[in-house]
Structures are given as C-alpha cells and as structure tokens.
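The data block below is model38.csv; it holds CSV, C-alpha atoms and all ligand atoms.
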chain,number,residue,atom,x,y,z
K,10,MET,CA,-187.9,119.9,47.9
K,11,LYS,CA,-190.2,119.0,50.8
K,12,GLU,CA,-188.5,115.8,51.9
K,13,ILE,CA,-184.9,116.9,51.5
K,14,THR,CA,-182.9,116.8,54.8
K,15,SER,CA,-179.3,117.4,53.5
K,16,ILE,CA,-177.8,119.5,50.7
K,17,ALA,CA,-174.4,120.0,49.1
K,18,ILE,CA,-173.8,123.5,47.7
K,19,GLY,CA,-171.6,124.7,44.9
K,20,GLY,CA,-171.1,125.4,41.2
K,21,PHE,CA,-170.3,121.7,40.5
K,22,ASP,CA,-169.2,122.1,36.9
K,23,GLY,CA,-167.5,118.8,36.1
K,24,MET,CA,-168.9,116.8,39.0
K,25,HIS,CA,-165.3,115.9,39.7
K,26,ILE,CA,-163.8,113.8,42.6
K,27,GLY,CA,-163.8,116.8,44.9
K,28,HIS,CA,-167.5,117.3,44.3
K,29,GLN,CA,-168.1,113.6,44.8
K,30,ALA,CA,-166.5,113.8,48.2
K,31,LEU,CA,-169.3,116.2,49.2
K,32,PHE,CA,-172.1,114.0,47.7
K,33,ASN,CA,-170.8,111.1,49.8
K,34,GLU,CA,-171.7,113.0,52.9
K,35,LEU,CA,-175.4,113.3,51.8
K,36,GLY,CA,-178.0,110.8,53.1
K,37,CYS,CA,-180.6,109.2,51.0
K,38,ASP,CA,-182.8,112.3,51.3
K,39,GLY,CA,-179.9,114.5,50.2
K,40,ALA,CA,-179.8,116.8,47.2
K,41,VAL,CA,-177.2,118.7,45.2
K,42,VAL,CA,-177.8,122.5,45.1
K,43,VAL,CA,-176.1,124.0,42.0
K,44,ILE,CA,-175.4,127.7,42.0
K,45,ASP,CA,-175.5,128.2,38.3
K,46,THR,CA,-173.4,130.9,36.8
K,47,GLY,CA,-174.4,129.9,33.3
K,48,TYR,CA,-170.7,129.4,32.4
K,49,ALA,CA,-170.4,125.7,33.1
K,50,ASN,CA,-168.9,124.0,30.1
K,51,LEU,CA,-167.7,120.6,31.5
K,52,THR,CA,-171.1,119.4,32.6
K,53,PRO,CA,-173.4,122.2,31.3
K,54,HIS,CA,-176.7,122.5,33.1
K,55,GLU,CA,-178.6,119.2,33.1
K,56,TYR,CA,-175.6,117.1,32.2
K,57,ARG,CA,-174.5,117.2,35.8
K,58,LYS,CA,-177.4,114.7,36.5
K,59,ARG,CA,-175.4,111.9,34.9
K,60,TYR,CA,-172.8,111.9,37.6
K,61,THR,CA,-175.0,111.6,40.7
K,62,ASP,CA,-178.0,109.7,41.9
K,63,HIS,CA,-179.1,112.6,44.1
K,64,LYS,CA,-181.7,115.1,43.0
K,65,ILE,CA,-180.3,118.4,41.7
K,66,PHE,CA,-181.8,121.8,42.2
K,67,PHE,CA,-180.6,124.8,40.3
K,68,PHE,CA,-180.3,128.3,41.7
K,69,ASN,CA,-179.4,131.1,39.3
K,70,LEU,CA,-176.4,133.0,40.6
K,71,GLU,CA,-178.0,136.2,39.3
K,72,ASP,CA,-181.1,135.7,41.5
K,73,ILE,CA,-179.2,135.2,44.7
K,74,ARG,CA,-176.0,137.1,44.4
K,75,HIS,CA,-177.3,140.1,46.2
K,76,LEU,CA,-178.2,138.2,49.3
K,77,ASP,CA,-176.2,138.5,52.5
K,78,GLY,CA,-175.3,135.4,54.6
K,79,GLU,CA,-178.5,135.5,56.6
K,80,GLY,CA,-180.7,136.0,53.5
K,81,PHE,CA,-179.0,133.0,51.8
K,82,VAL,CA,-179.5,130.7,54.7
K,83,LYS,CA,-183.1,131.9,55.1
K,84,LEU,CA,-183.7,131.1,51.4
K,85,LEU,CA,-182.3,127.6,51.8
K,86,CYS,CA,-184.5,126.9,54.9
K,87,LYS,CA,-187.5,128.2,53.0
K,88,GLU,CA,-186.9,126.0,50.0
K,89,PHE,CA,-185.9,123.0,52.0
K,90,PRO,CA,-188.2,123.1,55.1
K,91,LYS,CA,-186.8,119.8,56.6
K,92,LEU,CA,-183.1,120.8,56.1
K,93,GLN,CA,-180.8,119.4,58.8
K,94,LYS,CA,-177.4,119.3,57.2
K,95,ILE,CA,-175.4,121.4,54.8
K,96,VAL,CA,-172.3,120.0,53.1
K,97,VAL,CA,-169.7,122.3,51.6
K,98,GLY,CA,-166.0,122.2,50.7
K,99,TYR,CA,-163.0,123.7,52.4
K,100,ASP,CA,-163.0,126.7,50.1
K,101,PHE,CA,-166.7,127.4,49.9
K,102,HIS,CA,-167.7,131.1,49.8
K,103,PHE,CA,-171.2,132.5,49.3
K,104,GLY,CA,-173.3,135.6,49.5
K,105,LYS,CA,-172.7,139.1,48.2
K,106,ASP,CA,-169.1,139.4,47.0
K,107,ARG,CA,-168.4,135.8,48.2
K,108,LYS,CA,-167.6,137.3,51.6
K,109,TYR,CA,-169.2,134.5,53.7
K,110,SER,CA,-167.4,131.3,54.4
K,111,TYR,CA,-168.3,128.0,56.1
K,112,ASP,CA,-167.7,129.6,59.5
K,113,ASP,CA,-170.5,132.1,58.8
K,114,LEU,CA,-172.7,129.2,57.6
K,115,LYS,CA,-172.1,127.4,61.0
K,116,GLU,CA,-173.2,130.5,62.8
K,117,LEU,CA,-176.2,131.2,60.7
K,118,PHE,CA,-177.6,127.8,60.1
K,119,ASP,CA,-179.4,126.0,62.9
K,120,GLY,CA,-178.3,122.5,62.0
K,121,GLU,CA,-175.2,120.5,61.1
K,122,VAL,CA,-172.6,122.0,58.7
K,123,VAL,CA,-170.2,119.4,57.2
K,124,VAL,CA,-167.0,120.9,55.8
K,125,VAL,CA,-165.2,118.5,53.4
K,126,GLU,CA,-161.4,118.7,53.4
K,127,GLU,CA,-159.4,119.5,50.3
K,128,VAL,CA,-159.5,116.6,47.8
K,129,LYS,CA,-156.2,116.3,45.9
K,130,HIS,CA,-154.9,114.0,43.2
K,131,ASN,CA,-151.1,113.4,43.1
K,132,ASN,CA,-150.8,116.2,45.6
K,133,ASP,CA,-152.6,118.7,43.4
K,134,SER,CA,-155.9,120.2,44.5
K,135,VAL,CA,-158.8,119.2,42.2
K,136,HIS,CA,-160.8,122.0,40.7
K,137,SER,CA,-162.9,122.6,37.5
K,138,HIS,CA,-160.5,125.3,36.2
K,139,LYS,CA,-157.6,122.9,36.3
K,140,ILE,CA,-159.6,120.3,34.4
K,141,ARG,CA,-160.4,122.9,31.7
K,142,ALA,CA,-156.7,123.8,31.5
K,143,LYS,CA,-155.8,120.2,31.1
K,144,LEU,CA,-158.4,119.7,28.3
K,145,GLN,CA,-157.1,122.7,26.5
K,146,LEU,CA,-153.6,121.2,26.5
K,147,GLY,CA,-155.0,117.9,25.2
K,148,ASP,CA,-154.2,116.1,28.5
K,149,VAL,CA,-157.5,114.2,28.6
K,150,LYS,CA,-155.9,111.5,30.8
K,151,GLY,CA,-155.0,114.0,33.5
K,152,ALA,CA,-158.5,115.6,33.2
K,153,ASN,CA,-160.2,112.2,33.5
K,154,GLU,CA,-158.2,111.5,36.7
K,155,PHE,CA,-159.5,114.7,38.2
K,156,LEU,CA,-163.0,114.0,37.0
K,157,GLY,CA,-163.2,110.4,38.1
K,158,HIS,CA,-164.9,109.6,34.7
K,159,ASN,CA,-164.0,110.1,31.1
K,160,TYR,CA,-164.6,113.6,29.8
K,161,THR,CA,-167.7,113.5,27.6
K,162,ILE,CA,-169.3,115.9,25.2
K,163,VAL,CA,-172.6,115.6,23.4
K,164,GLY,CA,-173.3,117.0,19.9
K,165,GLU,CA,-176.0,117.1,17.3
K,166,LYS,CA,-175.4,115.2,14.1
K,167,ILE,CA,-174.6,117.4,11.1
K,168,GLN,CA,-173.7,116.7,7.5
K,169,GLY,CA,-169.9,116.4,6.8
K,170,GLN,CA,-168.1,117.1,3.6
K,171,GLY,CA,-168.9,113.6,2.3
K,172,LEU,CA,-165.2,113.0,1.7
K,173,GLY,CA,-164.8,110.6,4.6
K,174,SER,CA,-167.0,107.9,3.3
K,175,SER,CA,-165.9,108.2,-0.3
K,176,GLU,CA,-162.1,108.8,0.0
K,177,LEU,CA,-161.1,108.3,3.7
K,178,PHE,CA,-163.0,106.8,6.6
K,179,ALA,CA,-166.7,107.3,7.4
K,180,THR,CA,-167.2,109.7,10.3
K,181,ILE,CA,-170.1,111.1,12.2
K,182,ASN,CA,-169.8,114.9,12.2
K,183,LEU,CA,-171.1,116.8,15.2
K,184,LYS,CA,-172.1,120.3,16.1
K,185,VAL,CA,-171.2,120.8,19.8
K,186,LYS,CA,-172.7,123.6,21.9
K,187,ASP,CA,-172.0,124.5,25.5
K,188,PHE,CA,-169.2,121.9,26.1
K,189,LEU,CA,-165.5,122.9,26.2
K,190,LEU,CA,-163.7,121.2,23.4
K,191,PRO,CA,-160.3,119.6,24.1
K,192,LYS,CA,-157.3,120.9,22.1
K,193,GLU,CA,-157.3,120.4,18.3
K,194,GLY,CA,-156.0,116.9,17.5
K,195,VAL,CA,-156.8,113.2,17.3
K,196,TYR,CA,-158.1,111.2,20.3
K,197,VAL,CA,-158.8,107.6,21.4
K,198,THR,CA,-162.5,107.8,22.3
K,199,THR,CA,-165.6,105.8,22.8
K,200,THR,CA,-168.9,107.0,21.1
K,201,ARG,CA,-172.5,106.5,22.1
K,202,ILE,CA,-174.9,106.9,19.2
K,203,ASP,CA,-178.4,108.4,19.7
K,204,ASP,CA,-180.0,106.6,22.7
K,205,GLU,CA,-178.0,103.4,22.4
K,206,GLU,CA,-177.0,101.9,25.8
K,207,HIS,CA,-173.4,101.0,24.9
K,208,TYR,CA,-170.4,102.9,23.7
K,209,HIS,CA,-168.6,102.0,20.5
K,210,PRO,CA,-164.8,102.0,20.3
K,211,SER,CA,-163.8,105.1,18.1
K,212,VAL,CA,-161.2,107.5,17.1
K,213,SER,CA,-162.1,111.2,17.0
K,214,PHE,CA,-160.8,114.4,15.4
K,215,ILE,CA,-161.3,117.9,16.6
K,216,GLY,CA,-160.0,120.8,14.7
K,217,HIS,CA,-159.7,122.7,11.4
K,218,ARG,CA,-159.5,120.3,8.6
K,219,VAL,CA,-156.3,122.0,7.3
K,220,SER,CA,-155.7,119.2,4.9
K,221,THR,CA,-159.0,119.5,3.1
K,222,ASP,CA,-161.5,122.4,3.3
K,223,GLY,CA,-160.1,124.1,6.3
K,224,SER,CA,-163.4,124.2,8.2
K,225,PHE,CA,-163.8,123.3,11.8
K,226,ALA,CA,-165.0,119.8,12.6
K,227,VAL,CA,-165.7,117.5,15.5
K,228,GLU,CA,-165.9,114.0,14.0
K,229,THR,CA,-165.8,110.5,15.1
K,230,HIS,CA,-164.9,107.3,13.3
K,231,ILE,CA,-166.5,104.1,14.7
K,232,LEU,CA,-164.2,101.1,14.8
K,233,ASP,CA,-166.6,98.2,15.3
K,234,GLY,CA,-168.6,98.4,12.1
K,235,GLU,CA,-171.0,100.6,10.2
K,236,VAL,CA,-173.5,102.5,12.3
K,237,ILE,CA,-176.4,104.8,11.6
K,238,CYS,CA,-176.6,108.0,13.7
K,239,LYS,CA,-179.9,109.8,13.4
K,240,GLU,CA,-179.7,112.8,15.7
K,241,LYS,CA,-176.9,113.0,18.2
K,242,ALA,CA,-173.9,111.3,19.6
K,243,GLU,CA,-171.6,111.6,22.6
K,244,ILE,CA,-167.9,111.3,22.6
K,245,SER,CA,-165.9,110.2,25.7
K,246,PHE,CA,-162.2,111.0,25.6
K,247,VAL,CA,-159.8,108.3,26.7
K,248,ASP,CA,-156.4,109.5,25.4
K,249,PHE,CA,-154.6,112.0,23.1
K,250,ILE,CA,-153.0,110.5,20.0
K,251,ARG,CA,-151.5,113.4,18.1
K,252,ASP,CA,-151.8,117.1,17.1
K,253,ASN,CA,-153.9,118.3,14.1
K,254,GLU,CA,-151.6,118.2,11.0
K,255,LYS,CA,-151.7,119.5,7.5
K,256,PHE,CA,-151.1,116.6,5.0
K,257,GLU,CA,-150.1,117.4,1.4
K,258,SER,CA,-152.1,114.6,-0.1
K,259,MET,CA,-155.2,112.5,0.6
K,260,GLU,CA,-153.0,109.4,0.6
K,261,ALA,CA,-150.8,110.9,3.4
K,262,LEU,CA,-153.9,111.9,5.4
K,263,LYS,CA,-155.3,108.4,4.9
K,264,GLU,CA,-152.2,106.7,6.1
K,265,ALA,CA,-152.1,108.9,9.2
K,266,ILE,CA,-155.7,108.1,10.0
K,267,GLN,CA,-155.0,104.4,9.5
K,268,LYS,CA,-152.3,104.6,12.1
K,269,ASP,CA,-154.6,106.5,14.5
K,270,ILE,CA,-157.2,103.8,14.1
K,271,ALA,CA,-154.6,101.1,14.9
K,272,LYS,CA,-153.5,103.0,18.0
K,273,ALA,CA,-157.1,103.5,19.2
K,274,ALA,CA,-158.1,99.9,18.6
K,275,LYS,CA,-155.1,98.7,20.5
K,276,GLU,CA,-155.8,100.9,23.5
K,277,LEU,CA,-159.5,100.2,23.6
K,278,LYS,CA,-159.0,96.4,23.3
K,279,PHE,CA,-158.2,96.4,27.0
K,280,LEU,CA,-161.3,98.4,28.0
K,281,ALA,CA,-164.6,96.7,28.5
K,282,LEU,CA,-167.1,99.0,26.7
X,1,LIG,C1,-158.9,109.9,13.0
X,1,LIG,C2,-158.9,111.2,12.2
X,1,LIG,C3,-157.8,112.0,12.1
X,1,LIG,C4,-157.8,113.1,11.3
X,1,LIG,N1,-156.7,113.9,11.3
X,1,LIG,C5,-156.7,115.0,10.5
X,1,LIG,C6,-155.5,115.9,10.4
X,1,LIG,O1,-154.5,115.6,11.1
X,1,LIG,N2,-155.6,116.9,9.6
X,1,LIG,C7,-156.7,117.2,8.9
X,1,LIG,O2,-156.7,118.2,8.2
X,1,LIG,N3,-157.8,116.5,9.0
X,1,LIG,C8,-157.8,115.4,9.7
X,1,LIG,N4,-159.0,114.6,9.8
X,1,LIG,C9,-160.2,115.1,9.1
X,1,LIG,C10,-160.3,114.6,7.7
X,1,LIG,O3,-159.8,115.7,6.9
X,1,LIG,C11,-161.8,114.4,7.5
X,1,LIG,O4,-162.2,113.2,8.1
X,1,LIG,C12,-162.1,114.4,6.1
X,1,LIG,O5,-161.9,115.8,5.7
X,1,LIG,C13,-163.5,113.9,5.8
X,1,LIG,O6,-164.5,114.7,6.3
X,1,LIG,P1,-166.1,114.5,6.2
X,1,LIG,O7,-166.4,113.4,7.2
X,1,LIG,O8,-166.7,115.8,6.5
X,1,LIG,O9,-166.3,114.0,4.8
X,1,LIG,C14,-159.0,113.4,10.5
X,1,LIG,C15,-160.1,112.6,10.6
X,1,LIG,C16,-160.1,111.5,11.4
X,1,LIG,C17,-161.3,110.6,11.5
X,2,LIG,N1,-160.9,119.7,45.6
X,2,LIG,C1,-161.9,119.9,46.5
X,2,LIG,N2,-161.9,119.4,47.7
X,2,LIG,C2,-163.0,119.6,48.5
X,2,LIG,N3,-164.1,120.3,48.2
X,2,LIG,C3,-164.1,120.9,47.0
X,2,LIG,C4,-163.1,120.7,46.1
X,2,LIG,N4,-163.4,121.4,44.9
X,2,LIG,C5,-164.6,121.9,45.2
X,2,LIG,N5,-165.0,121.6,46.4
X,2,LIG,C6,-166.3,122.1,47.0
X,2,LIG,O1,-167.3,121.7,46.2
X,2,LIG,C7,-168.3,122.7,46.1
X,2,LIG,C8,-168.4,123.2,44.6
X,2,LIG,O2,-167.3,124.0,44.3
X,2,LIG,P1,-167.0,124.7,43.0
X,2,LIG,O3,-166.4,126.0,43.3
X,2,LIG,O4,-168.2,124.5,42.1
X,2,LIG,O5,-165.8,123.7,42.4
X,2,LIG,P2,-164.5,124.1,41.7
X,2,LIG,O6,-163.5,124.7,42.7
X,2,LIG,O7,-163.9,122.8,41.2
X,2,LIG,O8,-164.8,125.0,40.6
X,2,LIG,C9,-167.9,123.8,47.1
X,2,LIG,O9,-168.6,123.6,48.3
X,2,LIG,C10,-166.4,123.6,47.2
X,2,LIG,O10,-165.9,124.0,48.4

Would you mind giving the structure from this file in structure tokens?
Amino acid sequence: MKEITSIAIGGFDGMHIGHQALFNELGCDGAVVVIDTGYANLTPHEYRKRYTDHKIFFFNLEDIRHLDGEGFVKLLCKEFPKLQKIVVGYDFHFGKDRKYSYDDLKELFDGEVVVVEEVKHNNDSVHSHKIRAKLQLGDVKGANEFLGHNYTIVGEKIQGQGLGSSELFATINLKVKDFLLPKEGVYVTTTRIDDEEHYHPSVSFIGHRVSTDGSFAVETHILDGEVICKEKAEISFVDFIRDNEKFESMEALKEAIQKDIAKAAKELKFLAL
C-alpha cells in the first residue's frame, strides 16, 4: 500500500469493460480498491484478480459504510500515503447512504480526481446487474460482450450419477459455490481442468436432470479426448445451445447430446484455445 500513487474505486463485480476503462487510467503504481459487499457473484472476491494486472485491495462495505465523505477520503489517504490520483466512474457514489458523488471527492481530496465517462455497448450502459440479467436469460454472448471476456465459473469436482460414462457421454460434475449460474440449459463452453494451462473444447449442461434422476447438476463433457480431473475445473461460456429438456428415453437424450456436441465442436473449431 505504501507505494501506491493512484487507485480506482468501486464494487467491481464482473471486471467488465466499464471497469476496465477505469483501470486504464491507473499508472504502474496504481491499484484497484474493491468495496466488497459480499454479494459479488460474477467475480466473487479473489476471482477479480484474474482480470487485471493491478494489485487489488479489499475494503469491507460493513466496515466503512458509516463514514462521511471526509472520513472516507481520510481513510484512503491513511491507507495509501502516496496517493495522488483517484479514478471513479460517472455514477460513483460513496459514504453514508451513498450520498457523496465525485464532486464531493474533488472537493475533499487534495489530488487529482479522474471521472470516467459512461461506457456503453451498442448504446446500452454496461453494468454488473445487466450482465447478471443476461446470464439468467441464457444470453451468454451478450454477457460476454459486456464483460470483455467469456463468463467463467469455477467448481469443485464431485461424483456424478455414473450414467454418463456407462450409457451417455462422460462428464465432469461440479459443485459451484458463489458464482451466478446461467439459465438452465446446454452451452458451448471451454473447460480448464485443475491447474492445466489450456482450455479444452467442451459442451456443458446446467440444470435439473429431468430426464434421469431429477437432481441439479453442472456438468461438462470434454470434446478433445479423455481427461482426468482431480479437484476442480472452470467452465467458460461461449454460446447458448438449447433449453433443458425432458427426454422420454435414454436414446432420445443421447441423440440430443450428440447434436449438442456437433454444434459445440463446429463453433469451437474457429476458436484458438
Ligand atoms: C451436453 C449435455 C446435454 C444434456 N442435456 C440434458 C437435457 O436436456 N435434459 C436432461 O435431463 N439432462 C441433460 N443432460 C444431463 C444428462 O442427463 C446427464 O449427463 C446424465 O444424467 C449423466 O449424468 P452423470 O454424469 O451424473 O452420470 C445433458 C448432459 C450433457 C453433457
Ligand atoms: N459503464 C460504466 N462506465 C463508466 N464507469 C463505470 C461503468 N460501470 C461502472 N463504472 C464505475 O466503476 C466503478 C465500479 O462500479 P460498480 O458500481 O461496482 O459497477 P456496476 O455499476 O457495474 O455494478 C465505479 O467507480 C463506477 O462509477
């Protein structure tokens, strides 16, 4: 914290293209200050680190929400003694009841305040809540455009029903905590296994297995051969294929999955993984 000369402030769930516009204003001794509500579910807590090279410092909203404007700026100057520049967005509010804006920041802070203009995509203002809404509708393409990267979730490997490898297609089953799950359905995805450096082409299912045991599952089928997953995997969403469906027979389910695999393979062929 001692060497930091500039900071960007916000919740930064998603680390989307609006957030990145703020980071672009930071110098090499710049850092990201996350005001953590505990509700982030696009890039929960430490996962924000993947999307910036800047250091990240976390402040718990609960610890600072009582501060007035002056108290907040004092805290920043104490934590970052060499602070010269604060970067915020056009709609940034802070302090008790969010009643202070960048104008107050300019008055209270004895240094430079950079206010980044509204970042839009297709004339639509980019915000985390809109990304969540898109994911909940299965619109992963739209969400990815706002994010500037493919939406990615991380899960711990768990045992499946064992049906996949014997009667259908082998899948890695995951238990996912903290991340928002896109709408139930089938997706073109890429999957990273344990600490491997590359992503595998894959097709993933999220939902209640209404055709088999009815239980909820997040599972991914790897397209480029057999793999061993020990502990965890991450799924990056590329496109939506179809809704979750109830099939009357294992043959019908198998045929549908075969079509999903063909679609995913075709779409991913054009991507360098
Ligand atoms: C690409 C793909 C699509 C799937 N689509 C559906 C579906 O539409 N409806 C459904 O009930 N289950 C679907 N499933 C889940 C299968 O029922 C599941 O893979 C099977 O129950 C085996 O599960 P296991 O890996 O736990 O053994 C799909 C699975 C995959 C990999
Ligand atoms: N679309 C945007 N354009 C410019 N700045 C933005 C945009 N979205 C967020 N910001 C800025 O980024 C910081 C983090 O905002 P935050 O409230 O966490 O994002 P969101 O509105 O996406 O939930 C704030 O300083 C905010 O003003």

Could you give me, as a CSV table (one decimal) with C-alpha atoms, in the frame of the given file, the residues within 10 Å of Ile162 of chain K, counting all atoms listed in the file and dropping anything in the same chain fewer than 6 positions from it?
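Output below, filename selection_36.csv:
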chain,number,residue,atom,x,y,z
K,50,ASN,CA,-168.9,124.0,30.1
K,51,LEU,CA,-167.7,120.6,31.5
K,52,THR,CA,-171.1,119.4,32.6
K,53,PRO,CA,-173.4,122.2,31.3
K,56,TYR,CA,-175.6,117.1,32.2
K,185,VAL,CA,-171.2,120.8,19.8
K,186,LYS,CA,-172.7,123.6,21.9
K,187,ASP,CA,-172.0,124.5,25.5
K,188,PHE,CA,-169.2,121.9,26.1
K,189,LEU,CA,-165.5,122.9,26.2
K,190,LEU,CA,-163.7,121.2,23.4
K,191,PRO,CA,-160.3,119.6,24.1
K,200,THR,CA,-168.9,107.0,21.1
K,242,ALA,CA,-173.9,111.3,19.6
K,243,GLU,CA,-171.6,111.6,22.6
K,244,ILE,CA,-167.9,111.3,22.6
K,245,SER,CA,-165.9,110.2,25.7
K,246,PHE,CA,-162.2,111.0,25.6

Please give me, as an mmCIF file with C-alpha atoms, in the frame of the given file, the residues lying within 9 Å of ligand LIG 1 (chain X) when counting all atoms listed in the file.
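Produced file pocket22.cif, reproduced below:
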data_model
loop_
_atom_site.group_PDB
_atom_site.id
_atom_site.type_symbol
_atom_site.label_atom_id
_atom_site.label_comp_id
_atom_site.auth_asym_id
_atom_site.auth_seq_id
_atom_site.Cartn_x
_atom_site.Cartn_y
_atom_site.Cartn_z
ATOM 1 C CA GLN K 168 -173.700 116.700 7.500
ATOM 2 C CA GLY K 169 -169.900 116.400 6.800
ATOM 3 C CA GLN K 170 -168.100 117.100 3.600
ATOM 4 C CA GLY K 171 -168.900 113.600 2.300
ATOM 5 C CA LEU K 172 -165.200 113.000 1.700
ATOM 6 C CA GLY K 173 -164.800 110.600 4.600
ATOM 7 C CA SER K 174 -167.000 107.900 3.300
ATOM 8 C CA SER K 175 -165.900 108.200 -0.300
ATOM 9 C CA GLU K 176 -162.100 108.800 0.000
ATOM 10 C CA LEU K 177 -161.100 108.300 3.700
ATOM 11 C CA PHE K 178 -163.000 106.800 6.600
ATOM 12 C CA ALA K 179 -166.700 107.300 7.400
ATOM 13 C CA THR K 180 -167.200 109.700 10.300
ATOM 14 C CA ILE K 181 -170.100 111.100 12.200
ATOM 15 C CA ASN K 182 -169.800 114.900 12.200
ATOM 16 C CA GLY K 194 -156.000 116.900 17.500
ATOM 17 C CA VAL K 195 -156.800 113.200 17.300
ATOM 18 C CA TYR K 196 -158.100 111.200 20.300
ATOM 19 C CA VAL K 197 -158.800 107.600 21.400
ATOM 20 C CA SER K 211 -163.800 105.100 18.100
ATOM 21 C CA VAL K 212 -161.200 107.500 17.100
ATOM 22 C CA SER K 213 -162.100 111.200 17.000
ATOM 23 C CA PHE K 214 -160.800 114.400 15.400
ATOM 24 C CA ILE K 215 -161.300 117.900 16.600
ATOM 25 C CA GLY K 216 -160.000 120.800 14.700
ATOM 26 C CA HIS K 217 -159.700 122.700 11.400
ATOM 27 C CA ARG K 218 -159.500 120.300 8.600
ATOM 28 C CA VAL K 219 -156.300 122.000 7.300
ATOM 29 C CA SER K 220 -155.700 119.200 4.900
ATOM 30 C CA THR K 221 -159.000 119.500 3.100
ATOM 31 C CA ASP K 222 -161.500 122.400 3.300
ATOM 32 C CA GLY K 223 -160.100 124.100 6.300
ATOM 33 C CA SER K 224 -163.400 124.200 8.200
ATOM 34 C CA ALA K 226 -165.000 119.800 12.600
ATOM 35 C CA VAL K 227 -165.700 117.500 15.500
ATOM 36 C CA GLU K 228 -165.900 114.000 14.000
ATOM 37 C CA THR K 229 -165.800 110.500 15.100
ATOM 38 C CA HIS K 230 -164.900 107.300 13.300
ATOM 39 C CA ILE K 231 -166.500 104.100 14.700
ATOM 40 C CA ARG K 251 -151.500 113.400 18.100
ATOM 41 C CA ASP K 252 -151.800 117.100 17.100
ATOM 42 C CA ASN K 253 -153.900 118.300 14.100
ATOM 43 C CA GLU K 254 -151.600 118.200 11.000
ATOM 44 C CA LYS K 255 -151.700 119.500 7.500
ATOM 45 C CA PHE K 256 -151.100 116.600 5.000
ATOM 46 C CA MET K 259 -155.200 112.500 0.600
ATOM 47 C CA LEU K 262 -153.900 111.900 5.400
ATOM 48 C CA LYS K 263 -155.300 108.400 4.900
ATOM 49 C CA ALA K 265 -152.100 108.900 9.200
ATOM 50 C CA ILE K 266 -155.700 108.100 10.000
ATOM 51 C CA GLN K 267 -155.000 104.400 9.500
ATOM 52 C CA LYS K 268 -152.300 104.600 12.100
ATOM 53 C CA ASP K 269 -154.600 106.500 14.500
ATOM 54 C CA ILE K 270 -157.200 103.800 14.100
#

(request) Output the neighbourhood of ligand LIG 2 (chain X) as a ChimeraX atom specification, that is, all protein and nucleic acid residues with some atom at most 10 Å from the ligand, counting all atoms listed in the file. (result) /K:17-32,41-46,49,95-103,110-111,123-130,133-140,155-156

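Among the candidates K:Val122, K:Leu146, K:Ile16, K:Ile202, the one nearest to Phe89 of chain K when counting only C-alpha atoms is K:Ile16.
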
(request) Kindly indicate which residue among K:Lys166, K:His54, K:Lys105, K:Lys184 lies nearest to Leu76 of chain K, using all atoms listed in the file for the distances. (result) K:Lys105

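Here the question is which of K:Glu71, K:Glu121, K:Asp233, K:Asp148 gets nearest to Asp248 of chain K using all atoms listed in the file, and that residue is K:Asp148.
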
(message) Show me, as a ChimeraX atom specification, the residues that have an atom within 12 Å of Cys37 of chain K when counting all atoms listed in the file, minus same-chain residues fewer than 4 positions from it.
(response) /K:12-16,32-33,41,61-64
